[in-house]
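Below is data.txt, which holds compact mmCIF, C-alpha atoms.
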# COMPACT_ATOMS: atom_id res chain seq x y z
CA MET B 1 4.74 86.86 118.79
CA GLN B 2 6.66 89.15 116.45
CA ILE B 3 8.52 92.17 117.75
CA THR B 4 10.62 94.88 116.17
CA VAL B 5 13.19 96.58 118.34
CA SER B 6 15.64 99.27 117.31
CA VAL B 7 18.98 98.31 118.83
CA ASN B 8 21.84 100.80 118.46
CA GLY B 9 19.97 102.37 115.54
CA THR B 10 19.26 99.16 113.61
CA ASP B 11 15.77 97.63 113.49
CA TYR B 12 15.62 93.93 114.35
CA THR B 13 12.44 91.92 113.77
CA ARG B 14 12.19 88.53 115.44
CA VAL B 15 9.53 86.00 116.38
CA ILE B 16 9.87 85.36 120.12
CA GLU B 17 8.12 83.74 123.03
CA PRO B 18 6.54 86.42 125.23
CA ARG B 19 8.46 85.11 128.22
CA LEU B 20 11.83 85.91 126.64
CA LEU B 21 13.78 88.39 128.76
CA LEU B 22 15.37 91.38 127.05
CA ILE B 23 18.88 90.30 128.17
CA HIS B 24 18.51 86.99 126.32
CA PHE B 25 17.01 88.70 123.27
CA ILE B 26 20.06 90.95 123.08
CA ARG B 27 22.65 88.27 123.75
CA ASP B 28 21.19 85.14 122.17
CA GLU B 29 18.97 86.45 119.36
CA LEU B 30 21.11 89.39 118.30
CA ARG B 31 24.48 88.02 119.43
CA LEU B 32 25.37 91.34 121.06
CA THR B 33 27.33 89.89 123.97
CA GLY B 34 28.67 93.17 125.34
CA THR B 35 25.66 93.26 127.63
CA HIS B 36 26.51 90.95 130.49
CA TRP B 37 24.24 88.54 132.26
CA GLY B 38 25.08 88.58 135.94
CA CYS B 39 22.95 87.93 138.98
CA ASP B 40 19.65 87.41 137.12
CA THR B 41 17.84 89.01 140.09
CA SER B 42 18.01 92.76 139.22
CA ASN B 43 20.65 93.34 141.89
CA CYS B 44 24.00 93.55 140.11
CA GLY B 45 23.39 95.84 137.12
CA ALA B 46 25.74 94.02 134.72
CA CYS B 47 22.83 93.78 132.27
CA VAL B 48 21.96 97.49 132.17
CA VAL B 49 21.01 98.83 128.74
CA TRP B 50 18.93 101.81 127.76
CA LEU B 51 15.29 101.25 126.86
CA ASP B 52 14.17 104.40 125.05
CA GLU B 53 15.64 107.26 127.04
CA LYS B 54 16.66 105.58 130.30
CA PRO B 55 18.67 102.69 131.71
CA VAL B 56 17.01 99.43 132.70
CA LYS B 57 18.19 96.12 134.10
CA SER B 58 17.51 93.97 131.05
CA CYS B 59 17.12 90.77 133.13
CA THR B 60 13.96 92.29 134.58
CA VAL B 61 12.12 93.34 131.46
CA LEU B 62 10.53 91.23 128.76
CA ALA B 63 11.70 91.57 125.18
CA ALA B 64 8.00 91.95 124.34
CA MET B 65 7.95 95.17 126.38
CA ALA B 66 10.68 96.58 124.11
CA ASP B 67 8.56 96.08 120.96
CA GLY B 68 8.55 99.34 119.01
CA ARG B 69 11.12 100.91 121.32
CA ARG B 70 14.80 101.82 121.11
CA VAL B 71 17.55 99.94 122.92
CA LEU B 72 21.09 101.19 123.42
CA THR B 73 23.81 98.72 124.41
CA VAL B 74 27.52 99.19 125.01
CA GLU B 75 28.14 98.31 121.35
CA GLY B 76 26.26 101.49 120.41
CA MET B 77 28.10 103.90 122.71
CA ALA B 78 30.95 104.84 120.41
CA SER B 79 30.24 107.21 117.51
CA SER B 80 29.70 105.71 114.07
CA GLY B 81 33.27 106.75 113.22
CA GLY B 82 34.51 104.53 116.02
CA ARG B 83 35.39 107.34 118.42
CA LEU B 84 34.76 106.19 121.97
CA ASP B 85 32.22 107.97 124.10
CA PRO B 86 33.92 110.21 126.72
CA VAL B 87 32.65 107.82 129.39
CA GLN B 88 34.43 104.94 127.66
CA GLN B 89 37.54 107.08 127.37
CA GLY B 90 37.31 107.86 131.07
CA PHE B 91 37.22 104.19 131.98
CA THR B 92 40.28 103.68 129.77
CA GLN B 93 42.19 106.65 131.18
CA CYS B 94 41.43 106.03 134.84
CA HIS B 95 41.69 102.26 134.92
CA GLY B 96 37.96 102.05 135.71
CA LEU B 97 37.83 98.30 135.29
CA GLN B 98 39.73 95.17 136.08
CA CYS B 99 37.78 92.09 134.99
CA GLY B 100 35.34 94.22 132.99
CA PHE B 101 32.20 92.27 133.76
CA CYS B 102 30.29 95.20 135.32
CA THR B 103 31.76 97.78 132.93
CA PRO B 104 29.11 97.93 130.16
CA GLY B 105 26.34 98.49 132.70
CA MET B 106 28.41 100.99 134.67
CA MET B 107 29.19 102.99 131.53
CA LEU B 108 25.59 103.09 130.30
CA THR B 109 24.36 104.34 133.66
CA ALA B 110 27.22 106.87 133.81
CA ARG B 111 26.27 108.13 130.33
CA TRP B 112 22.69 108.65 131.51
CA LEU B 113 23.85 110.43 134.66
CA LEU B 114 26.06 112.86 132.73
CA ASN B 115 23.26 113.62 130.29
CA HIS B 116 21.15 114.76 133.23
CA ASN B 117 23.88 116.14 135.46
CA PRO B 118 27.00 117.22 133.56
CA ASP B 119 29.00 117.98 136.72
CA PRO B 120 28.10 115.45 139.39
CA SER B 121 29.89 115.25 142.74
CA ASP B 122 31.52 111.98 143.79
CA GLU B 123 28.57 111.41 146.10
CA VAL B 124 26.07 111.83 143.27
CA ILE B 125 28.07 109.44 141.06
CA ARG B 126 28.15 106.82 143.83
CA GLU B 127 24.41 107.17 144.38
CA ALA B 128 23.69 106.86 140.64
CA LEU B 129 25.77 103.67 140.43
CA SER B 130 24.54 102.23 143.74
CA GLY B 131 22.33 99.66 142.00
CA GLN B 132 25.36 98.13 140.31
CA ILE B 133 28.03 95.90 141.74
CA CYS B 134 31.75 95.83 140.98
CA ARG B 135 33.80 93.18 142.77
CA CYS B 136 37.23 94.32 141.55
CA THR B 137 37.80 98.04 141.76
CA GLY B 138 36.31 99.08 145.08
CA TYR B 139 34.53 101.71 142.94
CA GLU B 140 37.24 104.36 143.42
CA ASN B 141 38.45 104.22 139.85
CA ILE B 142 34.94 103.96 138.47
CA VAL B 143 34.04 107.24 140.18
CA ARG B 144 37.28 108.77 138.84
CA SER B 145 36.41 107.56 135.33
CA VAL B 146 33.03 109.26 135.43
CA ARG B 147 34.62 112.44 136.78
CA TRP B 148 37.15 112.29 133.94
CA ALA B 149 34.32 112.08 131.41
CA ALA B 150 32.45 114.96 133.03
CA LYS B 151 35.57 117.13 133.00
CA HIS B 152 36.48 116.39 129.41
CA GLU B 153 32.94 116.78 128.12
CA ALA B 154 32.85 120.22 129.67
CA GLY B 155 35.26 121.34 126.92
CA GLY B 156 38.49 119.98 128.29
CA ASP B 157 41.10 117.94 126.54
CA GLN B 158 39.52 115.20 124.39
CA SER B 159 42.74 113.34 123.77
CA MET P 1 19.08 80.58 134.65
CA GLN P 2 15.75 82.01 135.73
CA VAL P 3 13.11 82.13 133.03
CA PRO P 4 9.38 82.75 133.47
CA ALA P 5 6.98 79.94 132.66
CA TYR P 6 5.13 80.06 129.36
CA VAL P 7 2.85 83.08 129.23
CA GLU P 8 0.70 84.95 126.74
CA TYR P 9 1.17 88.68 126.27
CA GLU P 10 -1.29 91.44 125.39
CA LYS P 11 -0.58 95.15 125.13
CA ALA P 12 -3.36 97.40 126.39
CA SER P 13 -3.91 100.66 124.53
CA SER P 14 -6.23 102.32 127.06
CA LEU P 15 -7.61 101.75 130.52
CA GLU P 16 -10.88 100.48 129.05
CA HIS P 17 -8.98 98.15 126.72
CA ALA P 18 -6.99 96.82 129.70
CA LEU P 19 -10.20 96.12 131.62
CA MET P 20 -11.69 94.36 128.60
CA LEU P 21 -8.56 92.22 128.24
CA LEU P 22 -8.69 91.33 131.94
CA ALA P 23 -12.32 90.32 131.54
CA ARG P 24 -11.57 88.26 128.44
CA PHE P 25 -8.57 86.39 129.87
CA GLY P 26 -10.03 85.92 133.32
CA PRO P 27 -8.55 85.50 136.80
CA GLU P 28 -5.31 83.88 135.58
CA SER P 29 -4.32 87.06 133.77
CA ARG P 30 -2.13 89.68 135.47
CA VAL P 31 -1.54 93.36 134.90
CA LEU P 32 2.07 94.08 133.93
CA ALA P 33 3.18 97.57 134.99
CA GLY P 34 6.90 98.27 135.47
CA GLY P 35 7.41 94.55 135.97
CA HIS P 36 10.09 94.98 138.64
CA SER P 37 8.12 92.97 141.19
CA LEU P 38 6.10 90.69 138.92
CA ILE P 39 8.87 89.57 136.55
CA PRO P 40 11.23 88.49 139.37
CA MET P 41 8.29 86.57 140.89
CA MET P 42 7.64 84.95 137.50
CA LYS P 43 11.32 84.07 137.11
CA LEU P 44 11.19 82.28 140.45
CA ARG P 45 7.92 80.63 139.33
CA LEU P 46 6.24 82.04 142.42
CA ALA P 47 3.85 83.72 140.00
CA GLN P 48 2.66 81.90 136.88
CA PRO P 49 0.01 83.98 135.17
CA GLU P 50 -1.45 82.65 131.94
CA THR P 51 -1.64 86.06 130.33
CA LEU P 52 0.12 89.37 130.94
CA ILE P 53 -1.77 92.58 130.19
CA ASP P 54 0.92 95.22 129.61
CA ILE P 55 -0.31 98.65 130.72
CA ASN P 56 2.98 100.51 130.17
CA GLY P 57 1.39 102.47 127.33
CA LEU P 58 -1.40 103.87 129.52
CA LYS P 59 -0.49 107.55 129.75
CA GLU P 60 -3.77 108.24 131.56
CA LEU P 61 -2.38 106.49 134.64
CA ASP P 62 0.90 108.40 134.57
CA PHE P 63 0.38 111.64 136.52
CA ILE P 64 1.04 113.52 139.73
CA LYS P 65 -1.33 116.43 140.25
CA ILE P 66 -3.30 118.39 142.81
CA SER P 67 -7.04 118.74 142.40
CA ASP P 68 -9.93 119.27 144.79
CA GLY P 69 -7.52 119.66 147.69
CA GLU P 70 -5.93 116.27 147.15
CA LEU P 71 -2.55 115.09 145.92
CA ARG P 72 -3.33 112.51 143.24
CA ILE P 73 -0.72 110.00 142.11
CA GLY P 74 -1.42 107.83 139.05
CA ALA P 75 -0.70 104.14 139.46
CA MET P 76 1.77 104.13 136.54
CA THR P 77 3.91 106.86 138.11
CA ARG P 78 7.48 105.54 138.26
CA HIS P 79 9.25 105.70 141.62
CA ALA P 80 11.78 108.15 140.16
CA GLN P 81 8.97 110.47 139.07
CA LEU P 82 7.51 110.57 142.56
CA LEU P 83 10.98 111.23 143.97
CA ASP P 84 11.44 114.08 141.47
CA SER P 85 8.01 115.62 142.09
CA ALA P 86 8.40 118.94 143.91
CA GLN P 87 4.63 119.01 144.43
CA ALA P 88 4.59 115.65 146.21
CA GLY P 89 7.65 116.49 148.30
CA LYS P 90 6.34 119.89 149.33
CA HIS P 91 3.15 118.51 150.83
CA PHE P 92 4.32 115.07 151.94
CA ALA P 93 8.04 114.87 152.57
CA ILE P 94 7.50 111.27 153.71
CA LEU P 95 7.06 110.28 150.05
CA HIS P 96 10.49 111.62 149.14
CA ASP P 97 12.07 110.09 152.26
CA ALA P 98 10.64 106.71 151.31
CA GLU P 99 11.34 106.90 147.58
CA ARG P 100 14.97 107.83 148.19
CA VAL P 101 15.53 104.41 149.81
CA ILE P 102 13.31 102.18 147.64
CA ALA P 103 15.28 99.68 145.55
CA ASP P 104 18.07 101.41 143.60
CA PRO P 105 18.16 104.31 141.11
CA ILE P 106 17.83 102.12 138.00
CA VAL P 107 14.95 100.06 139.39
CA ARG P 108 13.24 103.30 140.46
CA LEU P 109 13.23 104.48 136.85
CA TRP P 110 10.94 101.59 135.88
CA GLY P 111 9.14 100.26 138.94
CA THR P 112 5.75 101.89 139.46
CA VAL P 113 3.89 103.15 142.51
CA GLY P 114 0.82 101.06 141.66
CA GLY P 115 2.86 97.96 140.93
CA SER P 116 4.64 98.14 144.28
CA LEU P 117 1.37 98.53 146.13
CA CYS P 118 -0.29 95.65 144.28
CA GLN P 119 2.71 93.40 144.87
CA ALA P 120 1.83 93.91 148.55
CA ASP P 121 5.11 92.68 149.97
CA PRO P 122 4.97 93.00 153.78
CA SER P 123 8.21 95.00 153.62
CA GLU P 124 7.04 97.41 150.94
CA ASP P 125 7.84 101.03 151.85
CA LEU P 126 5.07 102.81 149.98
CA SER P 127 2.43 100.61 151.59
CA ALA P 128 3.62 101.93 154.96
CA ALA P 129 3.92 105.50 153.67
CA PHE P 130 0.38 105.57 152.29
CA ALA P 131 -0.95 103.85 155.43
CA THR P 132 0.74 106.62 157.43
CA LEU P 133 -1.00 109.29 155.34
CA GLN P 134 -4.31 107.41 155.35
CA ALA P 135 -4.47 107.71 151.61
CA THR P 136 -7.36 106.56 149.45
CA MET P 137 -6.89 103.97 146.73
CA VAL P 138 -8.97 104.23 143.56
CA ILE P 139 -9.84 100.93 141.88
CA VAL P 140 -11.71 100.60 138.59
CA ASN P 141 -13.52 97.73 136.91
CA LEU P 142 -15.87 97.53 133.94
CA ASP P 143 -18.83 98.48 136.16
CA GLY P 144 -17.27 101.64 137.54
CA THR P 145 -14.97 103.01 140.21
CA ARG P 146 -14.60 102.24 143.88
CA THR P 147 -12.37 103.73 146.54
CA ILE P 148 -10.89 102.14 149.62
CA SER P 149 -8.65 103.32 152.44
CA ALA P 150 -4.95 102.45 152.18
CA ARG P 151 -5.43 100.66 155.51
CA GLN P 152 -8.04 98.34 154.00
CA PHE P 153 -6.13 97.78 150.75
CA HIS P 154 -3.97 94.87 151.88
CA VAL P 155 -5.68 91.62 152.74
CA GLY P 156 -2.45 89.86 153.71
CA PRO P 157 1.05 89.23 152.42
CA TYR P 158 1.04 89.57 148.61
CA GLU P 159 -2.73 89.98 148.64
CA THR P 160 -4.84 93.08 148.06
CA VAL P 161 -8.53 93.86 147.60
CA VAL P 162 -7.95 94.43 143.87
CA GLY P 163 -9.97 91.61 142.35
CA PRO P 164 -9.80 89.85 138.99
CA GLY P 165 -10.96 92.28 136.35
CA GLU P 166 -9.88 95.30 138.39
CA ILE P 167 -7.03 97.80 138.20
CA LEU P 168 -5.64 100.19 140.81
CA THR P 169 -5.63 103.52 138.99
CA GLU P 170 -4.55 106.15 141.50
CA ILE P 171 -3.79 107.10 145.08
CA ARG P 172 -5.28 110.22 146.64
CA ILE P 173 -4.10 112.04 149.75
CA PRO P 174 -6.02 114.97 151.21
CA ILE P 175 -3.85 118.06 151.66
CA GLU P 176 -4.31 119.78 155.01
CA ALA P 177 -2.43 122.70 156.52
CA GLY P 178 -0.08 122.04 159.40
CA VAL P 179 1.02 118.57 158.37
CA GLY P 180 4.58 117.32 158.66
CA SER P 181 5.73 113.85 157.69
CA ALA P 182 8.85 111.69 157.58
CA TYR P 183 10.06 108.16 156.85
CA GLU P 184 12.94 106.38 158.56
CA LYS P 185 14.34 103.08 157.31
CA VAL P 186 17.13 100.77 158.33
CA GLY P 187 18.43 98.54 155.56
CA ARG P 188 21.57 96.52 155.11
CA ARG P 189 22.36 97.66 151.59
CA VAL P 190 20.99 99.50 148.58
CA GLY P 191 18.24 97.57 146.84
CA ASP P 192 17.46 95.28 149.75
CA TRP P 193 14.19 95.22 151.62
CA PRO P 194 14.22 97.11 154.93
CA VAL P 195 15.16 95.44 158.19
CA GLY P 196 12.50 97.78 159.46
CA ALA P 197 10.96 101.15 158.63
CA ALA P 198 8.56 103.64 160.16
CA GLY P 199 6.61 106.54 158.71
CA VAL P 200 4.97 109.35 160.65
CA ALA P 201 2.60 112.16 159.76
CA VAL P 202 1.55 114.72 162.35
CA TRP P 203 -1.01 117.47 162.14
CA LEU P 204 -0.26 120.23 164.67
CA ASP P 205 -2.94 122.31 166.34
CA ARG P 206 -2.48 125.90 165.19
CA ALA P 207 -4.51 127.25 168.12
CA GLN P 208 -2.33 125.56 170.74
CA PRO P 209 1.35 125.55 169.76
CA GLY P 210 3.11 122.22 170.17
CA ARG P 211 -0.10 120.24 170.50
CA ILE P 212 -0.63 117.30 168.18
CA LYS P 213 -4.11 117.33 166.66
CA ALA P 214 -3.86 114.09 164.70
CA ALA P 215 -1.18 111.59 163.72
CA GLY P 216 -0.54 108.68 161.40
CA ILE P 217 2.09 105.99 161.94
CA GLY P 218 3.05 103.39 159.34
CA LEU P 219 5.37 100.43 159.78
CA ALA P 220 7.01 98.27 157.10
CA ALA P 221 8.58 94.82 157.62
CA MET P 222 7.32 94.84 161.20
CA GLY P 223 4.32 92.53 160.97
CA ALA P 224 2.04 95.46 161.77
CA GLU P 225 -1.58 94.93 160.84
CA HIS P 226 -2.46 97.09 157.81
CA PHE P 227 1.08 98.55 157.93
CA SER P 228 -0.11 100.87 160.72
CA ALA P 229 0.11 101.47 164.46
CA PRO P 230 -3.30 102.83 165.54
CA GLN P 231 -2.71 102.45 169.29
CA ALA P 232 0.45 104.53 169.07
CA GLU P 233 -1.41 107.11 166.98
CA GLU P 234 -4.08 107.42 169.67
CA SER P 235 -1.44 108.11 172.29
CA LEU P 236 -0.38 111.16 170.28
CA ILE P 237 -3.76 112.81 169.85
CA GLY P 238 -3.98 115.89 172.02
CA ALA P 239 -0.47 115.35 173.41
CA GLN P 240 2.31 117.92 173.46
CA ALA P 241 5.09 117.24 170.95
CA THR P 242 7.81 116.31 173.45
CA GLU P 243 10.46 113.60 173.74
CA GLU P 244 8.34 111.85 176.39
CA THR P 245 5.39 111.75 174.02
CA TYR P 246 7.57 110.34 171.23
CA ALA P 247 9.06 107.68 173.50
CA ARG P 248 5.63 106.55 174.63
CA ALA P 249 4.34 106.33 171.05
CA GLY P 250 7.45 104.39 170.01
CA GLN P 251 6.99 101.95 172.86
CA ILE P 252 3.33 101.37 172.01
CA ALA P 253 4.15 100.91 168.32
CA ALA P 254 6.74 98.26 169.25
CA GLU P 255 4.33 96.47 171.60
CA HIS P 256 1.65 96.08 168.95
CA CYS P 257 3.68 94.84 165.98
CA ARG P 258 4.74 91.26 165.36
CA PRO P 259 7.94 91.12 163.36
CA VAL P 260 9.47 87.75 162.55
CA SER P 261 13.09 86.72 162.92
CA ASP P 262 14.74 86.20 159.55
CA GLN P 263 18.06 86.73 157.80
CA ARG P 264 17.65 90.49 158.18
CA GLY P 265 17.52 90.35 161.95
CA PRO P 266 15.90 88.88 165.06
CA ALA P 267 12.37 89.89 166.04
CA GLU P 268 13.64 91.61 169.22
CA TYR P 269 15.89 93.88 167.22
CA LYS P 270 13.07 94.71 164.82
CA LYS P 271 10.83 95.65 167.75
CA HIS P 272 13.60 97.94 168.95
CA LEU P 273 13.65 99.48 165.47
CA ALA P 274 9.86 99.92 165.49
CA SER P 275 10.23 102.07 168.58
CA GLU P 276 13.41 103.92 167.65
CA LEU P 277 12.42 104.66 164.04
CA THR P 278 8.97 105.85 165.12
CA ILE P 279 10.67 108.26 167.56
CA ARG P 280 13.10 109.53 164.91
CA ALA P 281 10.33 109.98 162.34
CA LEU P 282 8.20 111.79 164.92
CA ARG P 283 10.99 114.27 165.65
CA LYS P 284 11.48 114.98 161.97
CA ALA P 285 7.76 115.16 161.15
CA VAL P 286 7.05 117.62 163.97
CA ARG P 287 9.96 119.78 162.89
CA ARG P 288 8.66 119.76 159.33
CA ALA P 289 5.16 120.67 160.54
CA GLY P 290 6.73 123.78 162.05
CA GLY P 291 6.49 122.57 165.65
Whole structure, structure tokens version:
Amino acid sequence: MQITVSVNGTDYTRVIEPRLLLIHFIRDELRLTGTHWGCDTSNCGACVVWLDEKPVKSCTVLAAMADGRRVLTVEGMASSGGRLDPVQQGFTQCHGLQCGFCTPGMMLTARWLLNHNPDPSDEVIREALSGQICRCTGYENIVRSVRWAAKHEAGGDQS
Amino acid sequence: MQVPAYVEYEKASSLEHALMLLARFGPESRVLAGGHSLIPMMKLRLAQPETLIDINGLKELDFIKISDGELRIGAMTRHAQLLDSAQAGKHFAILHDAERVIADPIVRLWGTVGGSLCQADPSEDLSAAFATLQATMVIVNLDGTRTISARQFHVGPYETVVGPGEILTEIRIPIEAGVGSAYEKVGRRVGDWPVGAAGVAVWLDRAQPGRIKAAGIGLAAMGAEHFSAPQAEESLIGAQATEETYARAGQIAAEHCRPVSDQRGPAEYKKHLASELTIRALRKAVRRAGG
């Protein structure tokens, strides 16, 4: 079947098998390897991207289901001028990653959280990220990174 | 790498179109809702449908509303929508209790109420919650509509009364004054199935304070027939809402369920949970009913 998916603002048309998972469409067809393929069982959240307006674990959705929809991956988070999203800046500033495998998914979920709740408590951040696994940081610095983004988006220092 | 077996894909544009596609592709076709139960099953090759009928575009099944004295929940309602619904939470707090602990926040954005029910996993929380509330399931086929009690909906593990050519369209729960409800779950981690869970709804007698007029008890992951505990419910009818009453109901609920030992815990422990979680949910439900 033929599908057209808008990924990070660019339309991609491909002929695919209906059984193709969105994660493999993104990584193998489009060669956008920032989205990571982790547990393959919708537990770890490394593969989180946005489908239309909300995050989804892309190992658990068919590419066919994304036909005619918009996908946002980590490659599309920065502005077109190359300025990092405040969430990405937060992860940089607060050492929110070590190996970086979970980071794209963590950042996309954090972006969604802050869009809906600009000033979340640590508890709310932990709940929002509870479907995603990080084996390096112990989550402390991830929570700090999201707090950093919330604080700086609220009109604080953008440097 | 887990990849589903070869499958055909059709996108339904309306409920009638979906029913026509189901009729055309026959019993080896499957309805694809949020996909968060079906796709993992397909990846494991435990499910191998020939054709998927995608109903994600069916706005007519995406609603939460009150009409004719009933709370009506469309089958395509996402878990997160039910959790966010003030209407649902106001009348049936059990639905919010349960939704808060189903899967994880990202999965809840996509997984649907109808999809979870039709997956019919013996550990599925909403199956127990709707059994507790004695909800009514609405099923449509090309010949018309039929309704069935939530307690008759499941035929067995991963099996429901929804036949080939049929779609679960909504769940209805009658709204009555004086009801309080709650759901208590023990799980090892976010996203995992429960070790055990219990739901309770109580209807208090306004004429006689503290007296329970009617009650519903639902159990998940406990091997309870139809996700319910009717003997324990009977013990509550006409009883005063006291700790002794709760303890007795919990004991009866534990006696009548048949949990199995697995990696989440031994059967003995699960029986203990059946009792303890029923007691905790009873306390909370009675408090919420104003008792």
Practice problem: Give me the residues within 10 Å of Gly100 in chain B as a PyMOL selection string, counting all atoms listed in the file and dropping any in the same chain fewer than 3 places off. | Solution: chain B and resi 36+46+96-97+103-106+134-137
Practice problem: For CA of Arg206 in chain P and CA of Gly290 in chain P, quote the distance in Å rounded to one decimal. | Solution: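 Taking CA of Arg206 in chain P and CA of Gly290 in chain P, their separation equals 10.0 Å.
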Quiz item: If you measure from CA of Phe63 in chain P to CA of Lys284 in chain P, what distance in Å do you get, rounded to one decimal?
Solution: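 That distance, rounded to one decimal, is 28.0 Å.
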Self-check item: Counting only C-alpha atoms, the option among P:Glu50, P:Asp104, P:Glu99, P:Asp68 closest to chain B
Solution: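 Closest candidate: P:Asp104.
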Each chain P residue no farther than 7 Å from chain B, nearest pair in Å, all atoms listed in the file, as a Markdown table:
| residue | atom | partner | partner_atom | distance |
| --- | --- | --- | --- | --- |
| P:Gln2 | CA | B:Asp40 | CA | 6.8 |
| P:Pro4 | CA | B:Arg19 | CA | 5.8 |
| P:Ala5 | CA | B:Arg19 | CA | 7.0 |
| P:Tyr6 | CA | B:Arg19 | CA | 6.2 |
| P:Val7 | CA | B:Arg19 | CA | 6.1 |
| P:Glu8 | CA | B:Pro18 | CA | 6.2 |
| P:Tyr9 | CA | B:Pro18 | CA | 5.9 |
| P:Gly35 | CA | B:Val61 | CA | 6.6 |
| P:His36 | CA | B:Thr60 | CA | 6.2 |
| P:Ile39 | CA | B:Thr60 | CA | 6.1 |
| P:Pro40 | CA | B:Thr41 | CA | 6.7 |
| P:Asp104 | CA | B:Gly131 | CA | 4.9 |
| P:Pro105 | CA | B:Ala128 | CA | 6.1 |
| P:Ile106 | CA | B:Val56 | CA | 6.0 |
| P:Val190 | CA | B:Ser130 | CA | 6.6 |
| P:Gly191 | CA | B:Gly131 | CA | 6.7 |
Practice problem: Measuring atom to atom with all atoms listed in the file, identify which of B:Val71, B:Asp11, B:Ile16, B:Ile133 is nearest to Phe101 in chain B. | Solution: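 Closest residue, counting all atoms listed in the file: B:Ile133.
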Practice problem: Tell me which of B:Glu123, B:Leu108, B:Asp52, B:Cys47 sits closest to Asp67 in chain B, counting all atoms listed in the file. | Solution: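 Closest residue, counting all atoms listed in the file: B:Asp52.
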Quiz prompt | Pairwise distance for CA of Gln89 in chain B and CA of Ala149 in chain B, rounded to one decimal in Å | solution =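 Going from CA of Gln89 in chain B over to CA of Ala149 in chain B, I get 7.2 Å.
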Once you count all atoms listed in the file, which residues end up no further than 8 Å from (-8.6, 111.8, 150.3) in the file's frame, shown as an mmCIF file with C-alpha atoms, in the coordinates of the input?
data_model
loop_
_atom_site.group_PDB
_atom_site.id
_atom_site.type_symbol
_atom_site.label_atom_id
_atom_site.label_comp_id
_atom_site.auth_asym_id
_atom_site.auth_seq_id
_atom_site.Cartn_x
_atom_site.Cartn_y
_atom_site.Cartn_z
ATOM 1 C CA GLU P 70 -5.930 116.270 147.150
ATOM 2 C CA GLN P 134 -4.310 107.410 155.350
ATOM 3 C CA ALA P 135 -4.470 107.710 151.610
ATOM 4 C CA THR P 136 -7.360 106.560 149.450
ATOM 5 C CA ARG P 172 -5.280 110.220 146.640
ATOM 6 C CA ILE P 173 -4.100 112.040 149.750
ATOM 7 C CA PRO P 174 -6.020 114.970 151.210
ATOM 8 C CA ILE P 175 -3.850 118.060 151.660
#
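The shortest atom-to-atom distance to Ile167 in chain P, with only C-alpha atoms taken into account, belongs to P:Ala75 out of P:Ile64, P:Phe25, P:Ala75, P:Glu225.
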Practice problem: Please work out which residues fall within 8 Å of (12.7, 106.3, 161.8), coordinates as given in the file, with all atoms listed in the file counting, and return them as a PyMOL selection string. | Solution: chain P and resi 182-186+197-199+273-274+276-282
Quiz prompt | Residues near Ala154 in chain B, cut-off 9 Å, all atoms listed in the file, skip fewer than 4 positions along chain, as JSON, numbers by chain | solution = {"B": [118, 119, 149, 150]}
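If you measure from each of P:Gly265, P:Gly210, P:Gly238, P:Gly165 to Gly178 in chain P using all atoms listed in the file, the closest one turns out to be P:Gly210.
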Self-check item: Contacts of Arg147 in chain B within 10 Å, only C-alpha atoms, excl. fewer than 4 positions in-chain, as a ChimeraX atom specification
Solution: /B:87,90-91,94,110,114,118-122,125,141-143,151-153
Go ahead and fit an axis-aligned box to every listed atom of range 114-123 of chain B plus 4 Å each side, and pass me the centre and edge lengths in Å, one decimal, as AutoDock Vina command-line options.
--center_x 26.3 --center_y 114.7 --center_z 138.2 --size_x 18.4 --size_y 14.6 --size_z 23.8
Quiz item: Which residue gives the smallest distance to Leu142 in chain P among P:Leu21, P:Leu109, P:Ile212, P:Ala103, with only C-alpha atoms counted?
Solution: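 Among the listed residues, the smallest separation from Leu142 in chain P belongs to P:Leu21.
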Practice problem: Quick one: everything within 8 Å of Gly68 in chain B, counting all atoms listed in the file, minus sequence neighbours fewer than 6 positions away in the same chain. Send it as a list of chain:residue names. | Solution: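 With the cut-off at 8 Å, the set is B:Ile3, B:Thr4, B:Val5, B:Ser6.
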Exercise. Write out as a PyMOL selection string which residues come within 8 Å of range 27-33 of chain P when counting all atoms listed in the file, dropping same-chain ones fewer than 3 positions away.
Key: chain P and resi 22+38+49-56+76+111-112+114-115+164-165+167
Is it possible to add N, CA and C atoms to range 12-17 of chain B and hand it back as an mmCIF file, keeping the file's coordinate frame?
data_model
loop_
_atom_site.group_PDB
_atom_site.id
_atom_site.type_symbol
_atom_site.label_atom_id
_atom_site.label_comp_id
_atom_site.auth_asym_id
_atom_site.auth_seq_id
_atom_site.Cartn_x
_atom_site.Cartn_y
_atom_site.Cartn_z
ATOM 1 N N TYR B 12 15.570 95.397 114.376
ATOM 2 C CA TYR B 12 15.620 93.930 114.350
ATOM 3 C C TYR B 12 14.201 93.404 114.546
ATOM 4 N N THR B 13 13.744 92.559 113.637
ATOM 5 C CA THR B 13 12.440 91.920 113.770
ATOM 6 C C THR B 13 12.652 90.437 114.034
ATOM 7 N N ARG B 14 12.031 89.943 115.082
ATOM 8 C CA ARG B 14 12.190 88.530 115.440
ATOM 9 C C ARG B 14 10.858 87.981 115.943
ATOM 10 N N VAL B 15 10.671 86.687 115.768
ATOM 11 C CA VAL B 15 9.530 86.000 116.380
ATOM 12 C C VAL B 15 10.038 85.411 117.695
ATOM 13 N N ILE B 16 9.385 85.777 118.787
ATOM 14 C CA ILE B 16 9.870 85.360 120.120
ATOM 15 C C ILE B 16 8.729 84.788 120.948
ATOM 16 N N GLU B 17 9.101 84.090 122.004
ATOM 17 C CA GLU B 17 8.120 83.740 123.030
ATOM 18 C C GLU B 17 7.968 84.951 123.947
#
